[in-house]
file coords.txt (compact mmCIF, C-alpha atoms)
# COMPACT_ATOMS: atom_id res chain seq x y z
CA MET A 108 0.00 0.00 0.00
CA PRO A 109 1.46 3.39 -0.93
CA THR A 110 2.69 5.60 1.89
CA PRO A 111 1.49 9.22 1.69
CA LEU A 112 4.02 12.01 1.26
CA PRO A 113 4.37 14.62 4.03
CA ILE A 114 3.49 17.35 1.51
CA PRO A 115 1.61 17.17 -1.78
CA ILE A 116 3.79 17.38 -4.87
CA GLU A 117 3.23 17.60 -8.60
CA PHE A 118 5.39 15.96 -11.25
CA ARG A 119 5.34 14.77 -14.84
CA LEU A 120 6.50 11.26 -15.74
CA PRO A 121 8.95 10.85 -18.61
CA GLU A 122 7.25 9.93 -21.87
CA GLY A 123 6.38 6.24 -22.04
CA TRP A 124 6.90 5.50 -18.34
CA LEU A 125 3.90 3.80 -16.72
CA PRO A 126 2.51 4.19 -13.20
CA ALA A 127 2.98 0.99 -11.20
CA ARG A 128 2.14 -0.42 -7.82
CA PRO A 129 5.08 -0.29 -5.36
CA GLU A 130 5.67 -4.02 -4.75
CA THR A 131 9.29 -4.57 -3.75
CA ALA A 132 10.54 -4.41 -0.18
CA GLU A 133 12.52 -1.28 -1.06
CA ALA A 134 9.41 0.32 -2.57
CA GLU A 135 7.07 -0.47 0.34
CA GLU A 136 7.59 3.05 1.70
CA ALA A 137 6.92 4.58 -1.72
CA ALA A 138 4.07 6.96 -2.33
CA PHE A 139 4.36 6.43 -6.08
CA ALA A 140 6.16 4.14 -8.50
CA ALA A 141 6.57 4.02 -12.27
CA VAL A 142 8.22 1.53 -14.63
CA HIS A 143 10.01 1.89 -17.93
CA PRO A 144 8.12 0.24 -20.80
CA GLN A 145 11.18 -1.70 -22.08
CA PRO A 146 12.70 -4.07 -19.50
CA ASP A 147 16.37 -5.05 -19.78
CA ALA A 148 17.09 -8.74 -19.23
CA GLY A 149 13.70 -9.14 -17.54
CA PHE A 150 14.14 -6.20 -15.15
CA ALA A 151 12.05 -3.06 -15.65
CA ALA A 152 13.79 0.17 -14.72
CA ASN A 153 11.67 1.96 -12.14
CA ILE A 154 11.24 5.26 -10.37
CA THR A 155 9.91 5.53 -6.84
CA ILE A 156 8.91 8.57 -4.81
CA ALA A 157 8.87 8.60 -1.00
CA GLY A 158 9.11 11.28 1.64
CA GLU A 159 9.35 12.06 5.31
CA VAL A 160 9.61 14.96 7.69
CA LEU A 161 13.30 15.70 8.19
CA PRO A 162 14.11 15.15 11.86
CA GLU A 163 15.52 18.31 13.41
CA THR A 164 18.94 16.79 14.05
CA SER A 165 19.24 14.93 10.72
CA THR A 166 20.93 16.01 7.52
CA LEU A 167 20.30 14.87 3.97
CA ALA A 168 23.53 12.86 4.24
CA ASP A 169 22.10 11.07 7.31
CA ILE A 170 18.93 10.18 5.38
CA ALA A 171 21.03 8.99 2.41
CA ASP A 172 23.17 6.84 4.74
CA GLU A 173 20.00 5.26 6.15
CA SER A 174 18.87 4.39 2.61
CA VAL A 175 22.20 2.68 1.92
CA GLU A 176 21.85 0.63 5.11
CA ARG A 177 18.26 -0.40 4.24
CA LEU A 178 19.45 -1.51 0.80
CA ARG A 179 22.26 -3.52 2.43
CA ASP A 180 19.55 -5.52 4.21
CA LEU A 181 18.44 -6.69 0.73
CA ALA A 182 21.70 -6.87 -1.23
CA GLU A 183 25.42 -7.14 -0.54
CA PRO A 184 27.64 -5.46 -1.34
CA VAL A 185 26.15 -2.02 -1.88
CA ILE A 186 28.76 0.37 -3.27
CA VAL A 187 28.31 4.13 -3.02
CA GLU A 188 29.89 5.13 -6.33
CA HIS A 189 29.17 8.84 -6.06
CA ARG A 190 27.58 11.31 -3.65
CA ARG A 191 27.16 15.05 -4.05
CA GLU A 192 25.31 17.78 -2.19
CA VAL A 193 23.83 20.44 -4.46
CA GLY A 194 21.49 23.41 -4.35
CA PRO A 195 21.31 26.59 -2.33
CA ALA A 196 21.11 26.63 1.48
CA ASP A 197 17.35 27.29 1.42
CA ALA A 198 16.69 24.34 -0.94
CA PRO A 199 19.47 21.79 -0.46
CA ALA A 200 19.55 18.49 -2.30
CA LEU A 201 21.76 15.43 -2.34
CA THR A 202 22.33 12.86 -5.06
CA GLN A 203 24.05 9.51 -4.81
CA ARG A 204 24.69 6.60 -7.14
CA LEU A 205 24.72 3.07 -5.74
CA ALA A 206 25.72 -0.22 -7.36
CA PHE A 207 24.62 -3.63 -6.11
CA SER A 208 23.64 -7.11 -7.22
CA THR A 209 20.48 -8.97 -6.31
CA THR A 210 18.26 -11.80 -7.46
CA VAL A 211 14.79 -10.97 -8.78
CA ASN A 212 12.41 -13.84 -9.62
CA GLY A 213 15.35 -16.26 -9.65
CA THR A 214 17.49 -14.15 -12.00
CA HIS A 215 20.71 -12.41 -10.94
CA HIS A 216 20.87 -8.70 -11.83
CA ASP A 217 23.63 -6.10 -11.50
CA LEU A 218 21.69 -2.95 -10.65
CA VAL A 219 22.43 0.74 -10.30
CA GLN A 220 20.37 3.18 -8.28
CA THR A 221 20.47 6.93 -8.58
CA GLN A 222 18.88 8.57 -5.55
CA ALA A 223 17.96 12.23 -5.22
CA TYR A 224 16.93 13.82 -1.94
CA LEU A 225 15.12 17.16 -2.13
CA SER A 226 14.58 19.26 0.99
CA LEU A 227 11.41 21.37 0.86
CA PRO A 228 9.65 23.52 3.45
CA GLU A 229 6.66 21.97 5.17
CA ILE A 230 3.50 23.75 3.98
CA GLU A 231 1.87 24.33 7.39
CA ASN A 232 5.13 25.23 9.12
CA PRO A 233 7.83 26.41 6.67
CA ALA A 234 10.44 26.35 9.46
CA ASN A 235 10.22 22.54 9.30
CA ARG A 236 11.68 20.64 6.35
CA VAL A 237 10.51 17.55 4.51
CA VAL A 238 12.62 15.27 2.36
CA ILE A 239 11.34 13.89 -0.92
CA ARG A 240 13.34 10.82 -1.99
CA LEU A 241 13.36 10.05 -5.71
CA VAL A 242 14.98 6.78 -6.78
CA LEU A 243 15.79 5.38 -10.21
CA THR A 244 16.68 1.67 -10.21
CA ALA A 245 17.85 0.05 -13.44
CA THR A 246 20.17 -2.67 -14.66
CA ALA A 247 23.78 -1.59 -14.97
CA ALA A 248 23.41 -1.95 -18.75
CA GLN A 249 20.29 0.24 -19.00
CA HIS A 250 20.95 2.80 -16.25
CA ASP A 251 22.81 5.40 -18.29
CA ASP A 252 20.20 5.14 -21.07
CA VAL A 253 17.35 6.13 -18.70
CA LEU A 254 19.29 8.50 -16.41
CA GLY A 255 18.53 11.57 -18.56
CA GLU A 256 14.80 10.81 -18.35
CA PHE A 257 15.09 10.56 -14.57
CA GLN A 258 16.93 13.89 -14.41
CA ASP A 259 14.21 15.50 -16.55
CA PHE A 260 11.61 13.98 -14.22
CA ILE A 261 13.32 15.49 -11.16
CA ARG A 262 13.12 18.94 -12.75
CA THR A 263 9.31 18.63 -12.90
CA ILE A 264 8.93 18.07 -9.13
CA HIS A 265 7.45 20.92 -7.11
CA SER A 266 5.27 21.23 -4.04
CA ASP A 267 1.56 21.48 -4.76
CA THR A 268 0.27 24.26 -2.55
CA GLY A 269 -3.13 24.24 -4.23
CA THR A 270 -2.77 27.91 -5.15
CA ARG A 271 -2.55 27.46 -8.91
CA ALA A 272 -5.40 28.74 -11.04
call {"tool": "encode", "arguments": {"input": "coords.txt", "output": "structure tokens"}}
result
Amino acid sequence: MPTPLPIPIEFRLPEGWLPARPETAEAEEAAFAAVHPQPDAGFAANITIAGEVLPETSTLADIADESVERLRDLAEPVIVEHRREVGPADAPALTQRLAFSTTVNGTHHDLVQTQAYLSLPEIENPANRVVIRLVLTATAAQHDDVLGEFQDFIRTIHSDTGTRA
């Protein structure tokens, strides 16, 4: 069952991507999931969206570290290939790229995950922050082919304050 986000957001899926039901253990916390229409070696690249209120003492790096540890419960080893903090102080973000291997439906897959963490003000109390976690998971062979679509998708994300005409 999808988990609601702490704030409403709007986004536009990349062309051809299809909404899907979050079914994997990693996606259980997801509020939304989508799959690429062309699987690679039986694995469909997917995007998940999840979110939480950022605890007062936590940083985006702390939240990203927790995601790595949760993934390590499902796959070993998990390699953090790249991590970078971006954005201005009032709208920080963090991206990281993870590589891991796992078995899905009896088939071994080398997978890559690109995770993006966006920090946004809470609507009712802007002094509080929420974190929106966007994750692209794809086979190592397909990842770079769909990464640009994921980056375009991230650019469409914004909070939905309900004030648009």
call {"tool": "atom_distance", "arguments": {"input": "coords.txt", "atom1": "CA of Gln222 in chain A", "atom2": "CA of Gln203 in chain A"}}
result
5.3 Å
call {"tool": "atom_distance", "arguments": {"input": "coords.txt", "atom1": "CA of Gly123 in chain A", "atom2": "CA of His143 in chain A"}}
result
7.0 Å
call {"tool": "residues_around", "arguments": {"input": "coords.txt", "residues": "range 237-239 of chain A", "least_positions_apart": "2", "cutoff": "8 Å", "atoms": "only C-alpha atoms", "output": "list of chain:residue names"}}
result
A:Leu112, A:Pro113, A:Ile114, A:Ile156, A:Ala157, A:Gly158, A:Glu159, A:Val160, A:Leu161, A:Leu167, A:Tyr224, A:Leu225, A:Ser226, A:Leu227, A:Pro228, A:Glu229, A:Asn235, A:Leu241
call {"tool": "atom_distance", "arguments": {"input": "coords.txt", "atom1": "CA of Asn232 in chain A", "atom2": "CA of Arg119 in chain A"}}
result
26.1 Å
call {"tool": "residues_around", "arguments": {"input": "coords.txt", "residues": "range 219-221 of chain A", "least_positions_apart": "4", "cutoff": "8 Å", "atoms": "only C-alpha atoms", "output": "PDB file with C-alpha atoms, keeping the file's coordinate frame"}}
result
ATOM      1  CA  THR A 202      22.330  12.860  -5.060  1.00  0.00           C
ATOM      2  CA  GLN A 203      24.050   9.510  -4.810  1.00  0.00           C
ATOM      3  CA  ARG A 204      24.690   6.600  -7.140  1.00  0.00           C
ATOM      4  CA  LEU A 205      24.720   3.070  -5.740  1.00  0.00           C
ATOM      5  CA  ALA A 206      25.720  -0.220  -7.360  1.00  0.00           C
ATOM      6  CA  PHE A 207      24.620  -3.630  -6.110  1.00  0.00           C
ATOM      7  CA  VAL A 242      14.980   6.780  -6.780  1.00  0.00           C
ATOM      8  CA  LEU A 243      15.790   5.380 -10.210  1.00  0.00           C
ATOM      9  CA  THR A 244      16.680   1.670 -10.210  1.00  0.00           C
ATOM     10  CA  ALA A 245      17.850   0.050 -13.440  1.00  0.00           C
ATOM     11  CA  THR A 246      20.170  -2.670 -14.660  1.00  0.00           C
ATOM     12  CA  ALA A 247      23.780  -1.590 -14.970  1.00  0.00           C
ATOM     13  CA  HIS A 250      20.950   2.800 -16.250  1.00  0.00           C
TER      14      HIS A 250
END
call {"tool": "residues_near_point", "arguments": {"input": "coords.txt", "point": "(16.9, 26.5, 2.0)", "cutoff": "9 Å", "atoms": "only C-alpha atoms", "output": "PyMOL selection string"}}
result
chain A and resi 194-199+226-228+236
call {"tool": "closest_residue", "arguments": {"input": "coords.txt", "among": "A:Phe257, A:His215, A:Arg179, A:Ala248", "to": "Thr155 in chain A", "atoms": "all atoms listed in the file"}}
result
A:Phe257
call {"tool": "decode", "arguments": {"input": "coords.txt", "residues": "range 128-180 of chain A", "atoms": "C-alpha atoms", "output": "PDB file, in the first residue's frame"}}
result
ATOM      1  CA  ARG A 128       2.143  -0.424  -7.822  1.00  0.00           C
ATOM      2  CA  PRO A 129       5.083  -0.292  -5.358  1.00  0.00           C
ATOM      3  CA  GLU A 130       5.666  -4.018  -4.752  1.00  0.00           C
ATOM      4  CA  THR A 131       9.289  -4.571  -3.745  1.00  0.00           C
ATOM      5  CA  ALA A 132      10.541  -4.407  -0.182  1.00  0.00           C
ATOM      6  CA  GLU A 133      12.524  -1.275  -1.062  1.00  0.00           C
ATOM      7  CA  ALA A 134       9.405   0.320  -2.570  1.00  0.00           C
ATOM      8  CA  GLU A 135       7.071  -0.469   0.339  1.00  0.00           C
ATOM      9  CA  GLU A 136       7.590   3.048   1.696  1.00  0.00           C
ATOM     10  CA  ALA A 137       6.919   4.581  -1.716  1.00  0.00           C
ATOM     11  CA  ALA A 138       4.069   6.961  -2.326  1.00  0.00           C
ATOM     12  CA  PHE A 139       4.364   6.428  -6.078  1.00  0.00           C
ATOM     13  CA  ALA A 140       6.163   4.136  -8.499  1.00  0.00           C
ATOM     14  CA  ALA A 141       6.567   4.017 -12.268  1.00  0.00           C
ATOM     15  CA  VAL A 142       8.216   1.535 -14.628  1.00  0.00           C
ATOM     16  CA  HIS A 143      10.014   1.889 -17.932  1.00  0.00           C
ATOM     17  CA  PRO A 144       8.124   0.245 -20.802  1.00  0.00           C
ATOM     18  CA  GLN A 145      11.176  -1.698 -22.075  1.00  0.00           C
ATOM     19  CA  PRO A 146      12.702  -4.071 -19.499  1.00  0.00           C
ATOM     20  CA  ASP A 147      16.368  -5.047 -19.779  1.00  0.00           C
ATOM     21  CA  ALA A 148      17.088  -8.744 -19.235  1.00  0.00           C
ATOM     22  CA  GLY A 149      13.701  -9.140 -17.544  1.00  0.00           C
ATOM     23  CA  PHE A 150      14.143  -6.197 -15.147  1.00  0.00           C
ATOM     24  CA  ALA A 151      12.048  -3.064 -15.647  1.00  0.00           C
ATOM     25  CA  ALA A 152      13.789   0.170 -14.719  1.00  0.00           C
ATOM     26  CA  ASN A 153      11.674   1.958 -12.145  1.00  0.00           C
ATOM     27  CA  ILE A 154      11.243   5.263 -10.374  1.00  0.00           C
ATOM     28  CA  THR A 155       9.905   5.533  -6.840  1.00  0.00           C
ATOM     29  CA  ILE A 156       8.913   8.570  -4.808  1.00  0.00           C
ATOM     30  CA  ALA A 157       8.873   8.597  -1.005  1.00  0.00           C
ATOM     31  CA  GLY A 158       9.106  11.277   1.640  1.00  0.00           C
ATOM     32  CA  GLU A 159       9.350  12.058   5.307  1.00  0.00           C
ATOM     33  CA  VAL A 160       9.608  14.958   7.687  1.00  0.00           C
ATOM     34  CA  LEU A 161      13.302  15.696   8.186  1.00  0.00           C
ATOM     35  CA  PRO A 162      14.107  15.145  11.862  1.00  0.00           C
ATOM     36  CA  GLU A 163      15.519  18.310  13.405  1.00  0.00           C
ATOM     37  CA  THR A 164      18.941  16.794  14.055  1.00  0.00           C
ATOM     38  CA  SER A 165      19.240  14.931  10.721  1.00  0.00           C
ATOM     39  CA  THR A 166      20.927  16.014   7.525  1.00  0.00           C
ATOM     40  CA  LEU A 167      20.296  14.872   3.972  1.00  0.00           C
ATOM     41  CA  ALA A 168      23.525  12.857   4.241  1.00  0.00           C
ATOM     42  CA  ASP A 169      22.100  11.071   7.307  1.00  0.00           C
ATOM     43  CA  ILE A 170      18.933  10.178   5.384  1.00  0.00           C
ATOM     44  CA  ALA A 171      21.026   8.987   2.409  1.00  0.00           C
ATOM     45  CA  ASP A 172      23.171   6.841   4.743  1.00  0.00           C
ATOM     46  CA  GLU A 173      19.998   5.258   6.152  1.00  0.00           C
ATOM     47  CA  SER A 174      18.869   4.394   2.608  1.00  0.00           C
ATOM     48  CA  VAL A 175      22.195   2.682   1.920  1.00  0.00           C
ATOM     49  CA  GLU A 176      21.851   0.631   5.110  1.00  0.00           C
ATOM     50  CA  ARG A 177      18.265  -0.402   4.237  1.00  0.00           C
ATOM     51  CA  LEU A 178      19.448  -1.513   0.802  1.00  0.00           C
ATOM     52  CA  ARG A 179      22.258  -3.517   2.432  1.00  0.00           C
ATOM     53  CA  ASP A 180      19.547  -5.515   4.206  1.00  0.00           C
TER      54      ASP A 180
END
